[in-house]
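Here's upload35.cif, which has mmCIF, C-alpha atoms:
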data_work
loop_
_atom_site.label_atom_id
_atom_site.label_comp_id
_atom_site.auth_asym_id
_atom_site.auth_seq_id
_atom_site.Cartn_x
_atom_site.Cartn_y
_atom_site.Cartn_z
CA MET K 19 -10.54 28.36 -1.00
CA ALA K 20 -8.50 25.23 -0.29
CA ALA K 21 -10.91 22.77 -1.89
CA PRO K 22 -10.98 24.37 -5.39
CA ARG K 23 -7.17 24.55 -5.37
CA ILE K 24 -6.72 20.89 -4.53
CA LEU K 25 -9.34 19.82 -7.08
CA ILE K 26 -7.67 21.82 -9.86
CA SER K 27 -4.33 20.26 -8.88
CA ALA K 28 -5.94 16.82 -8.94
CA ARG K 29 -7.18 17.30 -12.48
CA GLN K 30 -3.76 18.51 -13.57
CA PHE K 31 -2.12 15.48 -11.94
CA SER K 32 -4.56 13.06 -13.63
CA THR K 33 -4.05 14.68 -17.02
CA SER K 34 -0.25 14.76 -16.76
CA VAL K 35 -0.10 11.09 -15.75
CA ALA K 36 -2.42 10.09 -18.57
CA ARG K 37 -0.47 12.02 -21.21
CA ALA K 38 3.02 11.16 -20.02
CA GLN K 39 4.77 7.94 -20.82
CA ILE K 40 4.05 5.61 -17.92
CA ILE K 41 7.06 4.45 -15.93
CA ARG K 42 6.32 1.04 -14.52
CA PRO K 43 7.68 -0.16 -11.16
CA PRO K 44 9.48 -3.52 -10.79
CA ILE K 45 6.31 -5.27 -9.58
CA GLN K 46 2.59 -5.01 -10.20
CA VAL K 47 0.32 -4.32 -7.22
CA TYR K 48 -3.37 -4.87 -7.86
CA GLY K 49 -6.53 -3.36 -6.44
CA THR K 50 -7.55 0.24 -5.85
CA GLY K 51 -4.49 0.98 -3.72
CA GLY K 52 -2.20 -0.49 -6.34
CA ARG K 53 -3.72 1.56 -9.15
CA TYR K 54 -3.17 4.87 -7.36
CA ALA K 55 0.26 3.88 -6.05
CA HIS K 56 1.32 3.06 -9.62
CA ALA K 57 0.15 6.49 -10.78
CA LEU K 58 2.21 8.27 -8.11
CA TYR K 59 5.25 6.10 -8.82
CA SER K 60 5.10 6.98 -12.52
CA ALA K 61 4.54 10.70 -11.94
CA ALA K 62 7.25 10.99 -9.28
CA SER K 63 9.73 9.02 -11.38
CA LYS K 64 9.13 11.28 -14.38
CA GLN K 65 9.92 14.32 -12.23
CA LYS K 66 12.86 12.57 -10.53
CA LYS K 67 11.15 13.07 -7.17
CA LEU K 68 10.57 9.45 -6.19
CA GLU K 69 12.48 9.58 -2.92
CA GLN K 70 10.84 12.87 -1.97
CA ALA K 71 7.39 11.43 -2.66
CA ASP K 72 8.26 8.36 -0.63
CA ASN K 73 9.39 10.43 2.35
CA GLU K 74 6.25 12.54 2.21
CA VAL K 75 3.87 9.58 1.87
CA LYS K 76 5.53 7.99 4.90
CA ALA K 77 5.24 11.27 6.81
CA ILE K 78 1.53 11.56 6.00
CA GLN K 79 0.93 7.95 6.98
CA GLY K 80 2.72 8.52 10.27
CA ALA K 81 0.79 11.73 10.94
CA LEU K 82 -2.55 10.01 10.31
CA ASP K 83 -1.55 7.14 12.60
CA LYS K 84 -1.08 9.73 15.36
CA ASN K 85 -4.17 11.78 14.47
CA ALA K 86 -7.01 9.29 14.80
CA ALA K 87 -9.70 11.98 14.51
CA LEU K 88 -8.43 13.20 11.12
CA ALA K 89 -7.95 9.65 9.82
CA LYS K 90 -11.50 8.76 10.88
CA PHE K 91 -12.93 11.87 9.21
CA LEU K 92 -11.14 11.23 5.91
CA SER K 93 -12.38 7.63 5.82
CA ASN K 94 -15.96 8.56 6.78
CA PRO K 95 -18.20 7.76 3.77
CA ILE K 96 -20.87 10.19 5.02
CA ALA K 97 -18.60 13.24 5.14
CA LYS K 98 -18.83 15.47 2.06
CA LYS K 99 -16.07 15.12 -0.49
CA LYS K 100 -15.43 18.88 -0.70
CA ASN K 101 -15.05 19.12 3.07
CA LYS K 102 -12.52 16.31 3.07
CA ALA K 103 -10.62 17.96 0.21
CA SER K 104 -10.51 21.30 2.02
CA ILE K 105 -9.26 19.90 5.32
CA LEU K 106 -6.76 17.62 3.59
CA SER K 107 -5.39 20.50 1.53
CA ASP K 108 -4.89 22.60 4.65
CA PHE K 109 -3.21 19.68 6.39
CA LEU K 110 -0.79 19.03 3.51
CA THR K 111 0.01 22.72 3.07
CA GLU K 112 0.67 23.21 6.78
CA ASN K 113 3.07 20.27 6.67
CA LYS K 114 4.87 21.83 3.66
CA MET K 115 4.29 18.92 1.28
CA SER K 116 5.45 19.21 -2.32
CA ASP K 117 3.07 19.92 -5.20
CA ILE K 118 3.28 16.36 -6.51
CA THR K 119 2.15 14.96 -3.16
CA ILE K 120 -0.60 17.57 -2.75
CA ASN K 121 -1.80 16.85 -6.28
CA PHE K 122 -1.78 13.10 -5.70
CA PHE K 123 -3.85 13.28 -2.55
CA GLY K 124 -6.08 15.71 -4.40
CA VAL K 125 -6.80 12.94 -6.92
CA LEU K 126 -7.76 10.62 -4.09
CA ALA K 127 -10.05 13.28 -2.62
CA GLU K 128 -11.67 14.16 -5.94
CA ASN K 129 -12.29 10.49 -6.77
CA ASN K 130 -13.65 9.86 -3.26
CA ARG K 131 -10.95 7.31 -2.48
CA LEU K 132 -9.68 8.66 0.84
CA ALA K 133 -11.31 5.70 2.60
CA LYS K 134 -8.78 3.56 0.72
CA LEU K 135 -5.73 5.35 2.14
CA ASN K 136 -4.47 2.29 4.03
CA GLU K 137 -4.60 0.27 0.79
CA VAL K 138 -2.69 3.04 -1.00
CA PHE K 139 -0.06 3.21 1.75
CA SER K 140 0.37 -0.57 1.69
CA ALA K 141 0.67 -0.71 -2.11
CA TRP K 142 3.11 2.21 -2.14
CA GLY K 143 5.31 0.50 0.43
CA LYS K 144 5.44 -2.64 -1.71
CA LEU K 145 6.37 -0.67 -4.84
CA MET K 146 9.15 1.20 -3.08
CA SER K 147 10.50 -1.97 -1.50
CA ALA K 148 10.68 -3.55 -4.95
CA HIS K 149 12.31 -0.38 -6.31
CA ARG K 150 15.06 -0.78 -3.71
CA GLY K 151 15.57 -4.44 -4.52
CA GLU K 152 13.71 -5.65 -1.45
CA VAL K 153 11.36 -8.61 -1.67
CA VAL K 154 8.48 -8.10 0.71
CA CYS K 155 7.45 -11.23 2.54
CA THR K 156 4.73 -11.67 5.14
CA VAL K 157 4.47 -14.91 7.09
CA THR K 158 1.36 -15.51 9.18
CA THR K 159 1.27 -18.17 11.88
CA ALA K 160 -1.15 -19.08 14.65
CA LYS K 161 1.45 -18.36 17.35
CA PRO K 162 4.59 -16.18 17.42
CA LEU K 163 7.73 -17.90 16.14
CA ASP K 164 10.68 -18.20 18.49
CA ALA K 165 14.14 -16.96 17.53
CA LYS K 166 15.29 -20.38 16.27
CA LYS K 167 12.28 -20.86 13.99
CA GLN K 168 12.58 -17.29 12.71
CA LYS K 169 16.20 -17.94 11.75
CA GLU K 170 15.26 -21.20 9.98
CA LEU K 171 12.40 -19.45 8.16
CA ASN K 172 14.64 -16.60 7.06
CA GLY K 173 17.18 -19.08 5.68
CA ALA K 174 14.51 -20.98 3.75
CA LEU K 175 13.07 -17.80 2.24
CA GLN K 176 16.48 -16.72 0.95
CA GLY K 177 16.10 -19.44 -1.67
CA PHE K 178 13.31 -17.43 -3.33
CA LEU K 179 15.56 -14.40 -3.92
CA GLN K 180 17.40 -13.47 -7.07
CA PRO K 181 20.99 -12.15 -6.97
CA GLY K 182 21.03 -8.60 -5.58
CA GLU K 183 17.63 -8.87 -3.88
CA LYS K 184 17.10 -8.34 -0.15
CA LEU K 185 14.43 -9.93 2.00
CA SER K 186 12.04 -7.65 3.89
CA LEU K 187 10.30 -10.03 6.28
CA SER K 188 7.23 -9.26 8.38
CA LEU K 189 5.76 -11.75 10.84
CA ALA K 190 2.06 -11.74 11.67
CA VAL K 191 -0.01 -13.77 14.11
CA ASP K 192 -3.55 -14.96 13.41
CA PRO K 193 -5.08 -17.70 15.62
CA ALA K 194 -7.48 -18.57 12.79
CA VAL K 195 -4.55 -20.17 10.95
CA ILE K 196 -4.62 -22.90 13.66
CA GLY K 197 -1.29 -24.39 12.58
CA GLY K 198 1.24 -24.23 9.76
CA MET K 199 1.70 -20.88 8.03
CA VAL K 200 0.60 -18.61 5.23
CA VAL K 201 3.43 -17.12 3.17
CA GLU K 202 3.17 -14.10 0.88
CA ILE K 203 6.45 -13.35 -0.87
CA GLY K 204 6.59 -10.93 -3.77
CA ASP K 205 3.61 -11.79 -5.96
CA LYS K 206 3.50 -15.39 -4.71
CA TYR K 207 1.00 -16.71 -2.15
CA VAL K 208 1.41 -20.08 -0.44
CA ASP K 209 -1.20 -21.26 2.05
CA MET K 210 0.16 -24.09 4.19
CA SER K 211 -2.18 -23.45 7.10
CA THR K 212 -4.02 -26.16 8.99
CA ALA K 213 -7.21 -24.11 8.66
CA THR K 214 -7.09 -24.34 4.86
CA LYS K 215 -6.32 -28.06 4.94
CA VAL K 216 -9.31 -28.63 7.25
CA LYS K 217 -11.51 -26.56 4.94
CA GLN K 218 -10.39 -28.52 1.89
CA MET K 219 -10.95 -31.83 3.66
CA THR K 220 -14.41 -30.74 4.76
CA SER K 221 -15.32 -29.77 1.21
CA LEU K 222 -14.15 -33.16 -0.09
CA LEU K 223 -16.19 -34.98 2.54
CA GLN K 224 -19.29 -32.94 1.74
CA GLU K 225 -18.89 -33.65 -1.98
CA SER K 226 -18.66 -37.38 -1.35
CA VAL K 227 -21.89 -37.50 0.66
#
Take the structure from the file and write it as structure tokens.
Amino acid sequence: MAAPRILISARQFSTSVARAQIIRPPIQVYGTGGRYAHALYSAASKQKKLEQADNEVKAIQGALDKNAALAKFLSNPIAKKKNKASILSDFLTENKMSDITINFFGVLAENNRLAKLNEVFSAWGKLMSAHRGEVVCTVTTAKPLDAKKQKELNGALQGFLQPGEKLSLSLAVDPAVIGGMVVEIGDKYVDMSTATKVKQMTSLLQESV
């Protein structure tokens, strides 16, 4: 019985979003995750339930992080869509999620996009950070930065902010970068990695042969 309920809710959610005036977030996030995150942002804003939706999305993300078996099942492309919808509906109902959240995840289930949940969670986090005046920045380096370099980096990045904005900085490590860093701040992307410079130099050398 759970699957039909969640599918009906999904259709209602899709129709209401399509008919309602779209409320756009402060930034645009692209890709499949971005498209669905935008739809939830608009629907939740219209109902003045944005913070509630945010809390529930975070709770679901946290629950799936702890329940590897469920997360694996939902992302399994072989599993039947109706089975995923049924189990997901039971899970959301048991955790007392609101109708808007149940309907939203119903859309994902009906459109067979549950394998994209991590993309949706990531896009949603970016939208809500922008909503709160936070500028999300991810800096990737080959090795962890020490406290001094982190402080210098944080100071340099402040120059990209507008009055009233707050920096939300995440540091990542990827040995493939080799040296330098890759900076993603807001909708800007700056690749200052040694790996990219080597690649560009190699391409130039190959073209000259």
Here is a test: counting only C-alpha atoms, which residue of K:Leu126, K:Ile118, K:Cys155, K:Ile96 is nearest to K:Ala71? K:Ile118
Please report, as lines of an AutoDock Vina configuration file, the centre and edge lengths in Å to one decimal of an axis-aligned box covering all listed atoms of stretch 79-96 of chain K with 3 Å per side.
center_x = -9.1
center_y = 10.2
center_z = 9.6
size_x = 29.6
size_y = 12.1
size_z = 17.6
The PyMOL selection byres ((chain K and resi 171) around 12) applied to the shown file, residues as an mmCIF file with C-alpha atoms, in the coordinates of the input:
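Output file out.cif is given in full below:
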data_model
loop_
_atom_site.group_PDB
_atom_site.id
_atom_site.type_symbol
_atom_site.label_atom_id
_atom_site.label_comp_id
_atom_site.auth_asym_id
_atom_site.auth_seq_id
_atom_site.Cartn_x
_atom_site.Cartn_y
_atom_site.Cartn_z
ATOM 1 C CA CYS K 155 7.450 -11.230 2.540
ATOM 2 C CA THR K 156 4.730 -11.670 5.140
ATOM 3 C CA VAL K 157 4.470 -14.910 7.090
ATOM 4 C CA THR K 158 1.360 -15.510 9.180
ATOM 5 C CA THR K 159 1.270 -18.170 11.880
ATOM 6 C CA LEU K 163 7.730 -17.900 16.140
ATOM 7 C CA ASP K 164 10.680 -18.200 18.490
ATOM 8 C CA ALA K 165 14.140 -16.960 17.530
ATOM 9 C CA LYS K 166 15.290 -20.380 16.270
ATOM 10 C CA LYS K 167 12.280 -20.860 13.990
ATOM 11 C CA GLN K 168 12.580 -17.290 12.710
ATOM 12 C CA LYS K 169 16.200 -17.940 11.750
ATOM 13 C CA GLU K 170 15.260 -21.200 9.980
ATOM 14 C CA ASN K 172 14.640 -16.600 7.060
ATOM 15 C CA GLY K 173 17.180 -19.080 5.680
ATOM 16 C CA ALA K 174 14.510 -20.980 3.750
ATOM 17 C CA LEU K 175 13.070 -17.800 2.240
ATOM 18 C CA GLN K 176 16.480 -16.720 0.950
ATOM 19 C CA GLY K 177 16.100 -19.440 -1.670
ATOM 20 C CA PHE K 178 13.310 -17.430 -3.330
ATOM 21 C CA LEU K 185 14.430 -9.930 2.000
ATOM 22 C CA LEU K 187 10.300 -10.030 6.280
ATOM 23 C CA SER K 188 7.230 -9.260 8.380
ATOM 24 C CA LEU K 189 5.760 -11.750 10.840
ATOM 25 C CA MET K 199 1.700 -20.880 8.030
ATOM 26 C CA VAL K 201 3.430 -17.120 3.170
#
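When atom CA of K:Gln65 is paired with atom CA of K:Ile78, their separation reads 20.3 Å.
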Atom CA of K:Thr214 to atom CA of K:Val138: how many Å, to one decimal? 28.3 Å
Assuming the chain letters and numbering stay as they are in my file, what does the PyMOL selection byres ((chain K and resi 72) around 10) actually select? List them as an MDAnalysis selection string. chainID K and resid 58:59 62 67:71 73:78 119 142:143 146
Measuring between all atoms listed in the file, which one of K:Ile45, K:His56, K:Glu137, K:Glu112 shows the shortest distance to K:Gly151?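 Once distances to K:Gly151 are computed over all atoms listed in the file, the minimum belongs to K:Ile45.
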Evaluate the PyMOL selection byres ((chain K and resi 101-110) around 7) here and jot the selected residues down as a list in words.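 Taken over the shown coordinates, the PyMOL selection byres ((chain K and resi 101-110) around 7) returns Ala20, Ala21, Ile24, Leu92, Lys98, Lys99, Lys100, Thr111, Glu112, Asn113, Lys114, Met115, Ile120, Gly124 and Ala127 of chain K.
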Residue list as a VMD selection string for point (14.9, -1.7, 5.3), cut-off 10 Å, only C-alpha atoms: chain K and resid 147 150 152 184 to 187
I need the residues from that last selection saved to file as a PDB file, keeping the file's coordinate frame (with C-alpha atoms), if you can.
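selection_5.pdb written:
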ATOM      1  CA  SER K 147      10.500  -1.970  -1.500  1.00  0.00           C
ATOM      2  CA  ARG K 150      15.060  -0.780  -3.710  1.00  0.00           C
ATOM      3  CA  GLU K 152      13.710  -5.650  -1.450  1.00  0.00           C
ATOM      4  CA  LYS K 184      17.100  -8.340  -0.150  1.00  0.00           C
ATOM      5  CA  LEU K 185      14.430  -9.930   2.000  1.00  0.00           C
ATOM      6  CA  SER K 186      12.040  -7.650   3.890  1.00  0.00           C
ATOM      7  CA  LEU K 187      10.300 -10.030   6.280  1.00  0.00           C
TER       8      LEU K 187
END
Would you compute the distance between atom CA of K:Lys206 and atom CA of K:Lys144? Give it in Å to one decimal.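 We find that atom CA of K:Lys206 and atom CA of K:Lys144 lie 13.2 Å from each other.
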Counting all atoms listed in the file, figure out which residue out of K:Ser63, K:Ser211, K:Asn130, K:Asn121 gets nearest to K:Pro95.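 Among the listed residues, K:Asn130 lies closest to K:Pro95.
Comparing the minimum interatomic distances between K:Val125 and each of K:Val208, K:Ala57, K:Val47, K:Leu222, counting all atoms listed in the file, we find that K:Ala57 sits nearest.
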